[in-house]
>>> print(open('upload-v5.cif').read())   # mmCIF, C-alpha atoms
data_coords
loop_
_atom_site.label_atom_id
_atom_site.label_comp_id
_atom_site.auth_asym_id
_atom_site.auth_seq_id
_atom_site.Cartn_x
_atom_site.Cartn_y
_atom_site.Cartn_z
CA MET A 1 -53.46 20.12 -68.46
CA GLY A 2 -55.77 23.15 -68.45
CA PRO A 3 -56.88 25.16 -65.45
CA ALA A 4 -59.24 23.46 -63.02
CA ARG A 5 -62.46 25.10 -61.94
CA LEU A 6 -63.93 23.28 -58.98
CA SER A 7 -67.33 24.46 -57.83
CA THR A 8 -67.66 25.53 -54.21
CA GLY A 9 -71.00 27.28 -54.26
CA ALA A 10 -70.94 30.86 -55.60
CA VAL A 11 -67.14 30.97 -55.51
CA THR A 12 -65.04 28.82 -57.82
CA ARG A 13 -61.59 27.38 -57.18
CA LYS A 14 -59.48 28.57 -60.08
CA SER A 15 -56.04 27.37 -61.16
CA SER A 16 -53.11 28.94 -62.93
CA PHE A 17 -51.69 27.73 -66.22
CA ALA A 18 -48.46 25.87 -66.77
CA PRO A 19 -45.42 28.15 -67.00
CA ILE A 20 -44.32 29.34 -70.44
CA ILE A 21 -40.57 28.73 -70.23
CA ASP A 22 -37.52 27.19 -71.82
CA ASP A 23 -33.87 26.94 -70.78
CA ARG A 24 -33.07 30.35 -72.32
CA VAL A 25 -35.52 32.37 -70.18
CA ARG A 26 -33.68 35.31 -68.62
CA LEU A 27 -36.72 37.32 -67.51
CA LEU A 28 -39.72 35.70 -65.83
CA ILE A 29 -42.88 37.80 -65.68
CA LEU A 30 -45.25 36.71 -62.92
CA GLY A 31 -48.93 37.53 -62.64
CA SER A 32 -51.20 36.63 -59.74
CA LEU A 33 -53.89 34.24 -61.08
CA PRO A 34 -55.66 34.18 -64.46
CA GLY A 35 -58.93 36.11 -64.65
CA GLU A 36 -62.26 34.83 -65.94
CA GLU A 37 -61.62 35.58 -69.64
CA SER A 38 -58.14 34.10 -69.52
CA LEU A 39 -59.52 30.94 -67.94
CA ARG A 40 -62.31 30.77 -70.50
CA GLN A 41 -59.86 31.05 -73.40
CA ALA A 42 -57.06 29.12 -71.63
CA GLN A 43 -54.64 31.94 -72.50
CA TYR A 44 -52.52 34.28 -70.44
CA TYR A 45 -53.87 37.85 -70.46
CA ALA A 46 -56.86 37.12 -72.74
CA HIS A 47 -59.16 39.92 -71.57
CA PRO A 48 -59.24 42.48 -74.40
CA GLN A 49 -58.88 45.38 -71.94
CA ASN A 50 -55.83 43.89 -70.24
CA ARG A 51 -52.83 45.80 -71.58
CA PHE A 52 -50.18 43.12 -70.98
CA TRP A 53 -49.57 42.37 -74.67
CA ASP A 54 -49.49 46.10 -75.49
CA LEU A 55 -47.03 46.84 -72.69
CA VAL A 56 -44.65 43.99 -73.48
CA GLY A 57 -44.96 44.65 -77.22
CA ALA A 58 -44.12 48.34 -76.74
CA ALA A 59 -41.08 47.44 -74.63
CA LEU A 60 -39.84 44.96 -77.23
CA GLY A 61 -40.79 47.06 -80.26
CA VAL A 62 -43.04 44.28 -81.56
CA GLU A 63 -46.80 44.38 -82.21
CA LEU A 64 -48.19 41.50 -80.14
CA ARG A 65 -51.89 42.22 -79.64
CA GLU A 66 -52.97 41.34 -83.21
CA ARG A 67 -50.91 38.16 -83.41
CA ASP A 68 -52.11 34.64 -82.79
CA TYR A 69 -51.63 33.56 -79.16
CA THR A 70 -49.13 30.85 -80.11
CA ASP A 71 -47.08 33.45 -82.01
CA ARG A 72 -47.15 35.80 -79.00
CA LEU A 73 -45.73 33.11 -76.76
CA ALA A 74 -43.07 32.20 -79.33
CA ILE A 75 -42.02 35.87 -79.55
CA LEU A 76 -41.72 36.09 -75.76
CA LEU A 77 -39.55 32.98 -75.68
CA HIS A 78 -37.48 34.30 -78.60
CA HIS A 79 -36.75 37.34 -76.40
CA ASN A 80 -35.95 35.03 -73.45
CA ILE A 81 -39.09 36.01 -71.53
CA GLY A 82 -41.17 33.48 -69.60
CA LEU A 83 -44.62 33.73 -67.98
CA TRP A 84 -46.23 32.21 -64.94
CA ASP A 85 -48.36 33.09 -61.91
CA VAL A 86 -47.49 33.26 -58.22
CA ILE A 87 -50.72 31.51 -57.21
CA ALA A 88 -51.34 27.88 -58.19
CA ASP A 89 -55.02 27.93 -57.28
CA ALA A 90 -57.46 29.79 -55.08
CA HIS A 91 -61.12 30.48 -54.45
CA ARG A 92 -62.18 33.62 -56.27
CA SER A 93 -65.43 35.10 -57.46
CA GLY A 94 -64.75 37.15 -60.58
CA SER A 95 -61.30 38.31 -61.63
CA LEU A 96 -60.14 40.80 -59.00
CA ASP A 97 -57.02 39.99 -56.99
CA SER A 98 -58.75 41.39 -53.91
CA ALA A 99 -61.28 38.52 -54.17
CA ILE A 100 -58.61 35.78 -53.95
CA ARG A 101 -59.15 33.53 -50.92
CA ASP A 102 -57.47 30.35 -49.66
CA ALA A 103 -54.61 30.64 -52.14
CA ARG A 104 -52.14 27.85 -52.71
CA GLU A 105 -48.90 29.25 -54.13
CA ASN A 106 -46.82 27.99 -57.03
CA ASP A 107 -43.28 26.87 -56.19
CA LEU A 108 -41.41 29.91 -57.53
CA ARG A 109 -38.13 28.95 -55.90
CA ALA A 110 -38.09 25.59 -57.68
CA LEU A 111 -38.96 27.15 -61.03
CA ALA A 112 -36.40 29.95 -60.68
CA THR A 113 -33.58 27.58 -59.76
CA SER A 114 -34.49 25.32 -62.71
CA LEU A 115 -33.93 28.15 -65.21
CA PRO A 116 -30.15 28.34 -65.79
CA ALA A 117 -30.21 31.70 -67.61
CA LEU A 118 -32.69 33.49 -65.31
CA SER A 119 -31.40 36.88 -64.16
CA ALA A 120 -34.59 38.90 -63.46
CA ILE A 121 -38.11 38.36 -62.20
CA ALA A 122 -40.82 40.96 -62.86
CA PHE A 123 -44.09 41.09 -60.96
CA ASN A 124 -47.20 42.24 -62.85
CA GLY A 125 -49.06 44.14 -60.13
CA LYS A 126 -49.03 44.51 -56.35
CA LYS A 127 -50.57 41.12 -55.48
CA SER A 128 -48.01 39.31 -57.60
CA ALA A 129 -45.13 41.32 -56.08
CA LYS A 130 -46.25 40.85 -52.49
CA THR A 131 -46.89 37.13 -52.86
CA GLY A 132 -43.90 36.43 -55.10
CA ARG A 133 -41.34 38.30 -53.02
CA LYS A 134 -42.54 36.45 -49.91
CA GLN A 135 -42.26 33.09 -51.69
CA LEU A 136 -38.79 33.75 -53.03
CA GLY A 137 -37.42 34.98 -49.73
CA ASP A 138 -33.60 34.84 -49.70
CA ALA A 139 -33.60 33.06 -53.09
CA GLY A 140 -34.80 36.35 -54.57
CA ASP A 141 -31.38 37.86 -53.80
CA ALA A 142 -29.97 35.92 -56.77
CA TYR A 143 -32.18 37.82 -59.24
CA ARG A 144 -33.10 41.36 -60.10
CA LEU A 145 -36.67 41.75 -58.78
CA ILE A 146 -38.88 44.32 -60.52
CA ASP A 147 -42.32 45.52 -59.44
CA LEU A 148 -44.38 46.60 -62.46
CA PRO A 149 -47.74 48.38 -62.43
CA SER A 150 -50.57 45.97 -63.14
CA SER A 151 -51.60 45.51 -66.76
CA SER A 152 -55.15 44.78 -65.57
CA PRO A 153 -58.03 47.05 -66.59
CA ALA A 154 -58.94 47.12 -62.89
CA TYR A 155 -55.79 49.17 -62.24
CA ALA A 156 -56.74 52.48 -63.80
CA ALA A 157 -54.90 54.73 -61.33
CA MET A 158 -51.93 55.04 -63.69
CA PRO A 159 -52.26 56.23 -67.30
CA PHE A 160 -51.21 53.78 -70.02
CA GLU A 161 -48.30 56.00 -71.09
CA GLU A 162 -46.85 55.91 -67.58
CA LYS A 163 -47.31 52.13 -67.41
CA CYS A 164 -45.46 51.89 -70.75
CA ALA A 165 -42.57 53.91 -69.35
CA ARG A 166 -42.35 51.64 -66.30
CA TRP A 167 -42.62 48.44 -68.37
CA SER A 168 -39.89 49.65 -70.74
CA VAL A 169 -37.35 48.17 -68.29
CA ILE A 170 -38.08 44.88 -70.05
CA ALA A 171 -36.26 46.11 -73.15
CA HIS A 172 -33.18 46.97 -71.11
CA ILE A 173 -33.16 43.58 -69.35
CA VAL A 174 -33.58 41.66 -72.60
CA ARG A 175 -30.97 43.78 -74.36
CA THR A 176 -28.38 43.48 -71.59
CA THR A 177 -28.93 39.79 -70.87
CA ARG A 178 -29.06 38.36 -74.38
#
>>> encode(input="upload-v5.cif", output="structure tokens")
Amino acid sequence: MGPARLSTGAVTRKSSFAPIIDDRVRLLILGSLPGEESLRQAQYYAHPQNRFWDLVGAALGVELRERDYTDRLAILLHHNIGLWDVIADAHRSGSLDSAIRDARENDLRALATSLPALSAIAFNGKKSAKTGRKQLGDAGDAYRLIDLPSSSPAYAAMPFEEKCARWSVIAHIVRTTR
């Protein structure tokens, strides 16, 4: 089932996508809530200026940006990486995390405990980290929790090269947990 977009005047209630997972997922990368372009295309990180696919690709040593979306997801799963969002749905005008209102959270604890190989959870940006860490609570102690700088074009305070260096931890996690 695709994301719901229920009209509530000028602000729309927007929903996250289903998680991209299988039983081999060792690293779960969590965003906050898909932005407008992602919702339009029904794809994680679809905005052309979002650097997610570049950052993960650089960490894995695989070109992801130019690949078909289905291939990108298959490559992530091949490397035991899953994707989801911390927020199930919320009111939001536009794509900025700061505009999220009345959020309903995804059940991260249930998902994490359902993944037998999960050893690390990475948060893509501050909103994801703040919300996700709160949701996981004590259950988060069972996993390595990693705060990553946002891949969003709205987060321009850190140069791409520095983001790449911070996201390179993915390669270490995948390499040491495979």
>>> residues_around(input="upload-v5.cif", residues="range 130-146 of chain A", least_positions_apart="2", cutoff="10 Å", atoms="all atoms listed in the file", output="VMD selection string")
chain A and resid 26 to 32 85 to 87 105 to 110 112 to 113 118 to 128 148 to 149 166 to 167 169 to 170 173
>>> closest_residue(input="upload-v5.cif", among="A:Leu115, A:Ala103, A:Leu64, A:Cys164", to="Arg13 in chain A", atoms="all atoms listed in the file")
A:Ala103
>>> closest_residue(input="upload-v5.cif", among="A:His172, A:Arg65, A:Lys14, A:Arg51", to="Glu36 in chain A", atoms="only C-alpha atoms")
A:Lys14
>>> atom_distance(input="upload-v5.cif", atom1="CA of Ala129 in chain A", atom2="CA of Asp147 in chain A")
6.1 Å
>>> atom_distance(input="upload-v5.cif", atom1="CA of Phe52 in chain A", atom2="CA of Ser15 in chain A")
19.5 Å
>>> closest_residue(input="upload-v5.cif", among="A:Ala171, A:Val62, A:Leu55, A:Leu83", to="Ser150 in chain A", atoms="all atoms listed in the file")
A:Leu55
>>> atom_distance(input="upload-v5.cif", atom1="CA of Asp102 in chain A", atom2="CA of Thr12 in chain A")
11.2 Å
>>> resolve_selection(input="upload-v5.cif", expression="the PyMOL selection byres ((chain A and resi 46) around 12)", output="JSON, numbers by chain")
{"A": [34, 35, 36, 37, 38, 39, 40, 41, 42, 43, 44, 45, 47, 48, 49, 50, 51, 52, 53, 54, 65, 66, 68, 69, 72, 151, 152, 153]}
>>> write_last_selection(input="upload-v5.cif", atoms="C-alpha atoms", output="mmCIF file, in the coordinates of the input")
data_model
loop_
_atom_site.group_PDB
_atom_site.id
_atom_site.type_symbol
_atom_site.label_atom_id
_atom_site.label_comp_id
_atom_site.auth_asym_id
_atom_site.auth_seq_id
_atom_site.Cartn_x
_atom_site.Cartn_y
_atom_site.Cartn_z
ATOM 1 C CA PRO A 34 -55.660 34.180 -64.460
ATOM 2 C CA GLY A 35 -58.930 36.110 -64.650
ATOM 3 C CA GLU A 36 -62.260 34.830 -65.940
ATOM 4 C CA GLU A 37 -61.620 35.580 -69.640
ATOM 5 C CA SER A 38 -58.140 34.100 -69.520
ATOM 6 C CA LEU A 39 -59.520 30.940 -67.940
ATOM 7 C CA ARG A 40 -62.310 30.770 -70.500
ATOM 8 C CA GLN A 41 -59.860 31.050 -73.400
ATOM 9 C CA ALA A 42 -57.060 29.120 -71.630
ATOM 10 C CA GLN A 43 -54.640 31.940 -72.500
ATOM 11 C CA TYR A 44 -52.520 34.280 -70.440
ATOM 12 C CA TYR A 45 -53.870 37.850 -70.460
ATOM 13 C CA HIS A 47 -59.160 39.920 -71.570
ATOM 14 C CA PRO A 48 -59.240 42.480 -74.400
ATOM 15 C CA GLN A 49 -58.880 45.380 -71.940
ATOM 16 C CA ASN A 50 -55.830 43.890 -70.240
ATOM 17 C CA ARG A 51 -52.830 45.800 -71.580
ATOM 18 C CA PHE A 52 -50.180 43.120 -70.980
ATOM 19 C CA TRP A 53 -49.570 42.370 -74.670
ATOM 20 C CA ASP A 54 -49.490 46.100 -75.490
ATOM 21 C CA ARG A 65 -51.890 42.220 -79.640
ATOM 22 C CA GLU A 66 -52.970 41.340 -83.210
ATOM 23 C CA ASP A 68 -52.110 34.640 -82.790
ATOM 24 C CA TYR A 69 -51.630 33.560 -79.160
ATOM 25 C CA ARG A 72 -47.150 35.800 -79.000
ATOM 26 C CA SER A 151 -51.600 45.510 -66.760
ATOM 27 C CA SER A 152 -55.150 44.780 -65.570
ATOM 28 C CA PRO A 153 -58.030 47.050 -66.590
#
>>> closest_residue(input="upload-v5.cif", among="A:Arg104, A:Val25, A:Leu111, A:Ala59", to="Asn80 in chain A", atoms="all atoms listed in the file")
A:Val25
>>> closest_residue(input="upload-v5.cif", among="A:Ile100, A:Ala165, A:Trp84, A:His79", to="Phe17 in chain A", atoms="all atoms listed in the file")
A:Trp84
>>> closest_residue(input="upload-v5.cif", among="A:Ala117, A:Ala74, A:Leu33, A:Val56", to="Leu96 in chain A", atoms="all atoms listed in the file")
A:Leu33
>>> resolve_selection(input="upload-v5.cif", expression="the PyMOL selection byres ((chain A and resi 77) around 8)", output="VMD selection string")
chain A and resid 20 to 22 24 to 25 73 to 76 78 to 82
>>> build_atoms(input="upload-v5.cif", residues="range 21-56 of chain A", atoms="N, CA and C atoms", output="PDB file, keeping the file's coordinate frame")
ATOM      1  N   ILE A  21     -42.007  28.602 -70.474  1.00  0.00           N
ATOM      2  CA  ILE A  21     -40.570  28.730 -70.230  1.00  0.00           C
ATOM      3  C   ILE A  21     -39.783  27.827 -71.170  1.00  0.00           C
ATOM      4  N   ASP A  22     -38.506  28.109 -71.274  1.00  0.00           N
ATOM      5  CA  ASP A  22     -37.520  27.190 -71.820  1.00  0.00           C
ATOM      6  C   ASP A  22     -36.194  27.499 -71.135  1.00  0.00           C
ATOM      7  N   ASP A  23     -35.159  26.773 -71.471  1.00  0.00           N
ATOM      8  CA  ASP A  23     -33.870  26.940 -70.780  1.00  0.00           C
ATOM      9  C   ASP A  23     -33.199  28.279 -71.033  1.00  0.00           C
ATOM     10  N   ARG A  24     -33.690  29.054 -72.001  1.00  0.00           N
ATOM     11  CA  ARG A  24     -33.070  30.350 -72.320  1.00  0.00           C
ATOM     12  C   ARG A  24     -33.725  31.513 -71.600  1.00  0.00           C
ATOM     13  N   VAL A  25     -34.797  31.279 -70.848  1.00  0.00           N
ATOM     14  CA  VAL A  25     -35.520  32.370 -70.180  1.00  0.00           C
ATOM     15  C   VAL A  25     -34.591  33.119 -69.231  1.00  0.00           C
ATOM     16  N   ARG A  26     -34.498  34.436 -69.464  1.00  0.00           N
ATOM     17  CA  ARG A  26     -33.680  35.310 -68.620  1.00  0.00           C
ATOM     18  C   ARG A  26     -34.542  36.232 -67.761  1.00  0.00           C
ATOM     19  N   LEU A  27     -35.763  36.489 -68.245  1.00  0.00           N
ATOM     20  CA  LEU A  27     -36.720  37.320 -67.510  1.00  0.00           C
ATOM     21  C   LEU A  27     -38.010  36.527 -67.353  1.00  0.00           C
ATOM     22  N   LEU A  28     -38.459  36.382 -66.125  1.00  0.00           N
ATOM     23  CA  LEU A  28     -39.720  35.700 -65.830  1.00  0.00           C
ATOM     24  C   LEU A  28     -40.711  36.748 -65.362  1.00  0.00           C
ATOM     25  N   ILE A  29     -41.832  36.867 -66.074  1.00  0.00           N
ATOM     26  CA  ILE A  29     -42.880  37.800 -65.680  1.00  0.00           C
ATOM     27  C   ILE A  29     -43.970  36.997 -64.969  1.00  0.00           C
ATOM     28  N   LEU A  30     -44.281  37.415 -63.742  1.00  0.00           N
ATOM     29  CA  LEU A  30     -45.250  36.710 -62.920  1.00  0.00           C
ATOM     30  C   LEU A  30     -46.494  37.540 -62.680  1.00  0.00           C
ATOM     31  N   GLY A  31     -47.649  36.946 -62.989  1.00  0.00           N
ATOM     32  CA  GLY A  31     -48.930  37.530 -62.640  1.00  0.00           C
ATOM     33  C   GLY A  31     -49.405  36.924 -61.333  1.00  0.00           C
ATOM     34  N   SER A  32     -50.651  37.204 -60.967  1.00  0.00           N
ATOM     35  CA  SER A  32     -51.200  36.630 -59.740  1.00  0.00           C
ATOM     36  C   SER A  32     -51.922  35.320 -60.035  1.00  0.00           C
ATOM     37  N   LEU A  33     -53.046  35.393 -60.739  1.00  0.00           N
ATOM     38  CA  LEU A  33     -53.890  34.240 -61.080  1.00  0.00           C
ATOM     39  C   LEU A  33     -54.731  34.654 -62.274  1.00  0.00           C
ATOM     40  N   PRO A  34     -54.886  33.789 -63.277  1.00  0.00           N
ATOM     41  CA  PRO A  34     -55.660  34.180 -64.460  1.00  0.00           C
ATOM     42  C   PRO A  34     -57.090  34.619 -64.101  1.00  0.00           C
ATOM     43  N   GLY A  35     -57.563  35.632 -64.823  1.00  0.00           N
ATOM     44  CA  GLY A  35     -58.930  36.110 -64.650  1.00  0.00           C
ATOM     45  C   GLY A  35     -59.914  35.254 -65.430  1.00  0.00           C
ATOM     46  N   GLU A  36     -61.178  35.606 -65.315  1.00  0.00           N
ATOM     47  CA  GLU A  36     -62.260  34.830 -65.940  1.00  0.00           C
ATOM     48  C   GLU A  36     -62.067  34.627 -67.451  1.00  0.00           C
ATOM     49  N   GLU A  37     -61.764  35.698 -68.182  1.00  0.00           N
ATOM     50  CA  GLU A  37     -61.620  35.580 -69.640  1.00  0.00           C
ATOM     51  C   GLU A  37     -60.406  34.756 -70.009  1.00  0.00           C
ATOM     52  N   SER A  38     -59.332  34.910 -69.276  1.00  0.00           N
ATOM     53  CA  SER A  38     -58.140  34.100 -69.520  1.00  0.00           C
ATOM     54  C   SER A  38     -58.430  32.624 -69.284  1.00  0.00           C
ATOM     55  N   LEU A  39     -59.148  32.331 -68.213  1.00  0.00           N
ATOM     56  CA  LEU A  39     -59.520  30.940 -67.940  1.00  0.00           C
ATOM     57  C   LEU A  39     -60.440  30.392 -69.029  1.00  0.00           C
ATOM     58  N   ARG A  40     -61.379  31.206 -69.463  1.00  0.00           N
ATOM     59  CA  ARG A  40     -62.310  30.770 -70.500  1.00  0.00           C
ATOM     60  C   ARG A  40     -61.575  30.434 -71.800  1.00  0.00           C
ATOM     61  N   GLN A  41     -60.602  31.262 -72.150  1.00  0.00           N
ATOM     62  CA  GLN A  41     -59.860  31.050 -73.400  1.00  0.00           C
ATOM     63  C   GLN A  41     -58.607  30.193 -73.212  1.00  0.00           C
ATOM     64  N   ALA A  42     -58.273  29.873 -71.951  1.00  0.00           N
ATOM     65  CA  ALA A  42     -57.060  29.120 -71.630  1.00  0.00           C
ATOM     66  C   ALA A  42     -55.822  29.810 -72.225  1.00  0.00           C
ATOM     67  N   GLN A  43     -55.748  31.128 -72.002  1.00  0.00           N
ATOM     68  CA  GLN A  43     -54.640  31.940 -72.500  1.00  0.00           C
ATOM     69  C   GLN A  43     -54.266  32.994 -71.455  1.00  0.00           C
ATOM     70  N   TYR A  44     -52.972  33.184 -71.297  1.00  0.00           N
ATOM     71  CA  TYR A  44     -52.520  34.280 -70.440  1.00  0.00           C
ATOM     72  C   TYR A  44     -53.004  35.621 -71.003  1.00  0.00           C
ATOM     73  N   TYR A  45     -53.505  36.470 -70.144  1.00  0.00           N
ATOM     74  CA  TYR A  45     -53.870  37.850 -70.460  1.00  0.00           C
ATOM     75  C   TYR A  45     -54.822  37.952 -71.661  1.00  0.00           C
ATOM     76  N   ALA A  46     -55.918  37.183 -71.612  1.00  0.00           N
ATOM     77  CA  ALA A  46     -56.860  37.120 -72.740  1.00  0.00           C
ATOM     78  C   ALA A  46     -57.906  38.228 -72.730  1.00  0.00           C
ATOM     79  N   HIS A  47     -58.142  38.867 -71.603  1.00  0.00           N
ATOM     80  CA  HIS A  47     -59.160  39.920 -71.570  1.00  0.00           C
ATOM     81  C   HIS A  47     -58.744  41.044 -72.511  1.00  0.00           C
ATOM     82  N   PRO A  48     -59.630  41.468 -73.416  1.00  0.00           N
ATOM     83  CA  PRO A  48     -59.240  42.480 -74.400  1.00  0.00           C
ATOM     84  C   PRO A  48     -58.832  43.826 -73.792  1.00  0.00           C
ATOM     85  N   GLN A  49     -59.261  44.113 -72.574  1.00  0.00           N
ATOM     86  CA  GLN A  49     -58.880  45.380 -71.940  1.00  0.00           C
ATOM     87  C   GLN A  49     -57.600  45.264 -71.109  1.00  0.00           C
ATOM     88  N   ASN A  50     -57.097  44.044 -70.932  1.00  0.00           N
ATOM     89  CA  ASN A  50     -55.830  43.890 -70.240  1.00  0.00           C
ATOM     90  C   ASN A  50     -54.728  44.337 -71.183  1.00  0.00           C
ATOM     91  N   ARG A  51     -53.832  45.175 -70.712  1.00  0.00           N
ATOM     92  CA  ARG A  51     -52.830  45.800 -71.580  1.00  0.00           C
ATOM     93  C   ARG A  51     -51.484  45.062 -71.602  1.00  0.00           C
ATOM     94  N   PHE A  52     -51.432  43.867 -71.049  1.00  0.00           N
ATOM     95  CA  PHE A  52     -50.180  43.120 -70.980  1.00  0.00           C
ATOM     96  C   PHE A  52     -49.479  43.041 -72.338  1.00  0.00           C
ATOM     97  N   TRP A  53     -50.198  42.562 -73.363  1.00  0.00           N
ATOM     98  CA  TRP A  53     -49.570  42.370 -74.670  1.00  0.00           C
ATOM     99  C   TRP A  53     -49.142  43.696 -75.292  1.00  0.00           C
ATOM    100  N   ASP A  54     -49.876  44.771 -75.007  1.00  0.00           N
ATOM    101  CA  ASP A  54     -49.490  46.100 -75.490  1.00  0.00           C
ATOM    102  C   ASP A  54     -48.223  46.589 -74.785  1.00  0.00           C
ATOM    103  N   LEU A  55     -48.162  46.374 -73.473  1.00  0.00           N
ATOM    104  CA  LEU A  55     -47.030  46.840 -72.690  1.00  0.00           C
ATOM    105  C   LEU A  55     -45.739  46.095 -73.045  1.00  0.00           C
ATOM    106  N   VAL A  56     -45.826  44.777 -73.121  1.00  0.00           N
ATOM    107  CA  VAL A  56     -44.650  43.990 -73.480  1.00  0.00           C
ATOM    108  C   VAL A  56     -44.253  44.280 -74.923  1.00  0.00           C
TER     109      VAL A  56
END
